[in-house]
Amino acid sequence: MKFEKITEQSSNHNDLEKKTIKELLTGIHQEDQNAVAAVGKVLHQIEPLIQAVVKAQKNGGRLFYIGAGTSGRLGVLDASECPPTFGTLPERVIGLIAGGDNALRNSIEHAEDDPNQAWLDLTEYSIQINDIVVGIAASGSTPYVVGGLSKCQQMGITTGCITCNQGSPLAKVSHYPIEVIVGPEFITGSSRMKAGTAQKLILNMITTATMIQLGHVKGNKMVDMQMSNEKLVGRAERIVMSELHISQEEAKQLLAKYKSIRGAIEAYSR
C-alpha cells in the first residue's frame, strides 16, 4: 500500500476567512463527529493493544507513550491522570514527549526530527523487555516516534501506535497498530484538531479499560482514586455512602481512618 498522508490533504472547507462564527462552528462540529465515527471503526484494532497492555501490567511491565507536539502532550496528559484517577503509581504509565517537559508548554518542533532521541529518553527509565511502548503520531512518520518504536522492536519490546494515516512507517514498526482515519482537517494540516480528538478518545479507552481490567474500578466507581481536594473527598464520601448504605458522617469517619475508598469499604464489609 502506498503511504499517503491524508492528514495533510486540503480541507473540505474553503474560504474559511469569509465564514461567520456560526458557520465555522458548524463545520468544526461536523468534522469532530467524523473523528468520533472513525474511532468506532477501529475498535477491533484497539482491543488487542489493550489486551497486550493489561498482560504487560499484570507481569510487572509499564506502559510508555512517546510522541511529539500535540500527540506527545496528549500522551503525557493521559499518563498523568492515571495516579489521581486510579490510584496507580506514577511509574506504571509514563508519557514522554520530544523535547522533554519544556515541550509541554512551548513549541519545540525540531525536537521530533531526531530518530534516536526517543530510545535515549526511554533508557533513562530503564526500559525493560516486559514493558510496552505506544507511539502516538497523527502523520505516522515522525522520526522521534518511528525511531523509538523501531529500536524497541529490535530490543524485543512490544510496540503499539496510534496514527491517522494508513500504511505509515509507524504502523510498520508496531506490533499493535491503530490506524484511525479521520480525513483532512478543517484547517489543512492542523492535526491538533480531528486527529488530536481521535487520539484522545483512544487514549481514554486504553487506560480506562486497562485499569478496569486491573481491578481499579468497582461497579462504576473509582475506588482507588486519590482524595486530593475537597471535590474528590466529597465524591469519595458519596461512593462509600452508596456502597455501604451508611450516613455521610459514618463515611467520613471510615475515610479518615482508612485513608482510601477501597480500604473503607473493605474494612466495613469485614
# chains A, B, ... in the order shown; residues from 1 in each chain; ligands from 1
call {"tool": "select_by_dssp", "arguments": {"residues": "stretch 57-168 of chain A", "states": "strand (DSSP E)", "output": "PDB file with N, CA and C atoms, in the first residue's frame"}}
result
ATOM      1  N   LEU A  63       3.540   0.852  30.887  1.00  0.00           N
ATOM      2  CA  LEU A  63       3.068   1.400  29.625  1.00  0.00           C
ATOM      3  C   LEU A  63       3.748   2.737  29.399  1.00  0.00           C
ATOM      4  N   PHE A  64       4.430   2.852  28.264  1.00  0.00           N
ATOM      5  CA  PHE A  64       5.037   4.120  27.864  1.00  0.00           C
ATOM      6  C   PHE A  64       4.303   4.675  26.651  1.00  0.00           C
ATOM      7  N   TYR A  65       4.065   5.986  26.662  1.00  0.00           N
ATOM      8  CA  TYR A  65       3.627   6.696  25.462  1.00  0.00           C
ATOM      9  C   TYR A  65       4.792   7.555  24.988  1.00  0.00           C
ATOM     10  N   ILE A  66       5.048   7.574  23.679  1.00  0.00           N
ATOM     11  CA  ILE A  66       6.028   8.510  23.139  1.00  0.00           C
ATOM     12  C   ILE A  66       5.386   9.278  21.988  1.00  0.00           C
ATOM     13  N   GLY A  67       5.656  10.572  21.927  1.00  0.00           N
ATOM     14  CA  GLY A  67       5.076  11.394  20.873  1.00  0.00           C
ATOM     15  C   GLY A  67       5.735  12.752  20.827  1.00  0.00           C
ATOM     16  N   VAL A  93       2.369   4.135  34.241  1.00  0.00           N
ATOM     17  CA  VAL A  93       2.072   4.693  32.919  1.00  0.00           C
ATOM     18  C   VAL A  93       2.873   5.980  32.775  1.00  0.00           C
ATOM     19  N   ILE A  94       3.736   6.028  31.769  1.00  0.00           N
ATOM     20  CA  ILE A  94       4.673   7.156  31.620  1.00  0.00           C
ATOM     21  C   ILE A  94       4.546   7.760  30.229  1.00  0.00           C
ATOM     22  N   GLY A  95       4.394   9.054  30.165  1.00  0.00           N
ATOM     23  CA  GLY A  95       4.328   9.757  28.887  1.00  0.00           C
ATOM     24  C   GLY A  95       5.607  10.525  28.623  1.00  0.00           C
ATOM     25  N   LEU A  96       6.175  10.331  27.447  1.00  0.00           N
ATOM     26  CA  LEU A  96       7.393  11.040  27.050  1.00  0.00           C
ATOM     27  C   LEU A  96       7.111  11.874  25.800  1.00  0.00           C
ATOM     28  N   ILE A  97       7.592  13.106  25.794  1.00  0.00           N
ATOM     29  CA  ILE A  97       7.386  13.998  24.662  1.00  0.00           C
ATOM     30  C   ILE A  97       8.728  14.478  24.131  1.00  0.00           C
ATOM     31  N   ILE A 132       5.707  -2.076  27.527  1.00  0.00           N
ATOM     32  CA  ILE A 132       5.086  -1.890  26.219  1.00  0.00           C
ATOM     33  C   ILE A 132       5.122  -0.404  25.874  1.00  0.00           C
ATOM     34  N   VAL A 133       5.474  -0.094  24.642  1.00  0.00           N
ATOM     35  CA  VAL A 133       5.641   1.300  24.216  1.00  0.00           C
ATOM     36  C   VAL A 133       4.666   1.607  23.089  1.00  0.00           C
ATOM     37  N   VAL A 134       3.857   2.635  23.274  1.00  0.00           N
ATOM     38  CA  VAL A 134       2.876   3.050  22.272  1.00  0.00           C
ATOM     39  C   VAL A 134       3.300   4.401  21.692  1.00  0.00           C
ATOM     40  N   GLY A 135       3.548   4.428  20.400  1.00  0.00           N
ATOM     41  CA  GLY A 135       3.914   5.663  19.717  1.00  0.00           C
ATOM     42  C   GLY A 135       2.673   6.379  19.209  1.00  0.00           C
ATOM     43  N   ILE A 136       2.622   7.685  19.424  1.00  0.00           N
ATOM     44  CA  ILE A 136       1.470   8.483  19.003  1.00  0.00           C
ATOM     45  C   ILE A 136       1.950   9.525  17.988  1.00  0.00           C
ATOM     46  N   THR A 158       7.550  -4.943  23.140  1.00  0.00           N
ATOM     47  CA  THR A 158       6.264  -4.849  22.453  1.00  0.00           C
ATOM     48  C   THR A 158       5.915  -3.400  22.140  1.00  0.00           C
ATOM     49  N   THR A 159       5.389  -3.172  20.927  1.00  0.00           N
ATOM     50  CA  THR A 159       5.064  -1.814  20.488  1.00  0.00           C
ATOM     51  C   THR A 159       3.632  -1.722  19.968  1.00  0.00           C
ATOM     52  N   GLY A 160       3.070  -0.539  20.099  1.00  0.00           N
ATOM     53  CA  GLY A 160       1.775  -0.217  19.509  1.00  0.00           C
ATOM     54  C   GLY A 160       1.821   1.211  19.023  1.00  0.00           C
ATOM     55  N   CYS A 161       0.818   1.632  18.282  1.00  0.00           N
ATOM     56  CA  CYS A 161       0.820   3.021  17.825  1.00  0.00           C
ATOM     57  C   CYS A 161      -0.597   3.509  17.584  1.00  0.00           C
ATOM     58  N   ILE A 162      -0.733   4.826  17.591  1.00  0.00           N
ATOM     59  CA  ILE A 162      -1.970   5.499  17.192  1.00  0.00           C
ATOM     60  C   ILE A 162      -1.589   6.495  16.110  1.00  0.00           C
ATOM     61  N   THR A 163      -2.081   6.279  14.901  1.00  0.00           N
ATOM     62  CA  THR A 163      -1.783   7.171  13.789  1.00  0.00           C
ATOM     63  C   THR A 163      -3.050   7.415  12.985  1.00  0.00           C
TER      64      THR A 163
END
call {"tool": "residues_around", "arguments": {"residues": "A:Thr188", "least_positions_apart": "4", "cutoff": "9 Å", "atoms": "only C-alpha atoms", "output": "MDAnalysis selection string"}}
result
chainID A and resid 7:13 184
call {"tool": "residues_around", "arguments": {"residues": "stretch 230-235 of chain A", "least_positions_apart": "4", "cutoff": "12 Å", "atoms": "only C-alpha atoms", "output": "JSON, numbers by chain"}}
result
{"A": [84, 85, 221, 222, 223, 224, 225, 226, 239, 240, 241, 242, 248, 249, 251, 252, 255, 256, 259, 260, 261]}
call {"tool": "write_last_selection", "arguments": {"atoms": "C-alpha atoms", "output": "short mmCIF file (atom, residue, chain, number, x, y, z; two decimals), in the first residue's frame"}}
result
data_model
loop_
_atom_site.label_atom_id
_atom_site.label_comp_id
_atom_site.auth_asym_id
_atom_site.auth_seq_id
_atom_site.Cartn_x
_atom_site.Cartn_y
_atom_site.Cartn_z
CA PRO A 84 -5.23 10.51 40.73
CA THR A 85 -7.99 8.63 38.91
CA LYS A 221 -16.86 3.84 40.84
CA MET A 222 -13.20 4.90 41.12
CA VAL A 223 -12.49 3.12 44.40
CA ASP A 224 -8.74 3.74 44.21
CA MET A 225 -8.81 7.43 43.30
CA GLN A 226 -6.73 9.87 45.32
CA ILE A 239 -19.14 6.39 46.91
CA VAL A 240 -18.74 4.93 50.40
CA MET A 241 -22.26 6.01 51.40
CA SER A 242 -23.75 4.42 48.29
CA GLN A 248 -22.24 10.78 55.43
CA GLU A 249 -20.82 11.10 58.92
CA ALA A 251 -18.46 7.58 55.61
CA LYS A 252 -16.28 10.50 56.76
CA LEU A 255 -12.31 7.52 55.17
CA ALA A 256 -10.47 9.39 57.90
CA LYS A 259 -7.36 6.87 54.08
CA SER A 260 -8.86 5.26 50.96
CA ILE A 261 -12.25 4.38 49.48
#
call {"tool": "atom_distance", "arguments": {"atom1": "atom CA of A:Ser141", "atom2": "atom CA of A:Pro169"}}
result
5.7 Å
call {"tool": "closest_residue", "arguments": {"among": "A:Gly219, A:Pro115, A:Gly156, A:Pro83", "to": "A:Ile129", "atoms": "only C-alpha atoms"}}
result
A:Gly156
call {"tool": "atom_distance", "arguments": {"atom1": "atom CA of A:Thr207", "atom2": "atom CA of A:Pro177"}}
result
16.4 Å
call {"tool": "atom_distance", "arguments": {"atom1": "atom CA of A:Tyr176", "atom2": "atom CA of A:Gln45"}}
result
7.3 Å
call {"tool": "select_by_dssp", "arguments": {"residues": "stretch 37-269 of chain A", "states": "alpha helix (DSSP H)", "output": "ChimeraX atom specification"}}
result
/A:37-40,43-58,69-80,82-86,117-123,143-154,169-172,194-213,230-244,248-258,261-269
call {"tool": "residues_around", "arguments": {"residues": "stretch 14-28 of chain A", "least_positions_apart": "4", "cutoff": "9 Å", "atoms": "only C-alpha atoms", "output": "list in words"}}
result
Asp32, Gln33, Phe186, Ile187, Met193 and Lys194 of chain A
call {"tool": "write_last_selection", "arguments": {"atoms": "N, CA and C atoms", "output": "compact mmCIF listing (two decimals), in the first residue's frame"}}
result
# COMPACT_ATOMS: atom_id res chain seq x y z
N ASP A 32 -15.65 17.06 13.87
CA ASP A 32 -15.46 16.36 15.14
C ASP A 32 -16.28 15.07 15.17
N GLN A 33 -17.49 15.12 14.64
CA GLN A 33 -18.33 13.93 14.59
C GLN A 33 -17.69 12.86 13.71
N PHE A 186 -10.12 20.43 9.30
CA PHE A 186 -10.92 21.62 8.99
C PHE A 186 -10.01 22.73 8.47
N ILE A 187 -8.87 22.92 9.15
CA ILE A 187 -7.79 23.77 8.64
C ILE A 187 -6.73 22.82 8.12
N MET A 193 -6.53 19.16 15.67
CA MET A 193 -7.99 19.19 15.69
C MET A 193 -8.56 17.77 15.65
N LYS A 194 -9.05 17.30 14.51
CA LYS A 194 -9.69 15.98 14.45
C LYS A 194 -8.75 14.86 14.85
call {"tool": "closest_residue", "arguments": {"among": "A:Glu243, A:Leu170, A:Gln253, A:Gly61", "to": "A:Ser269", "atoms": "only C-alpha atoms"}}
result
A:Glu243
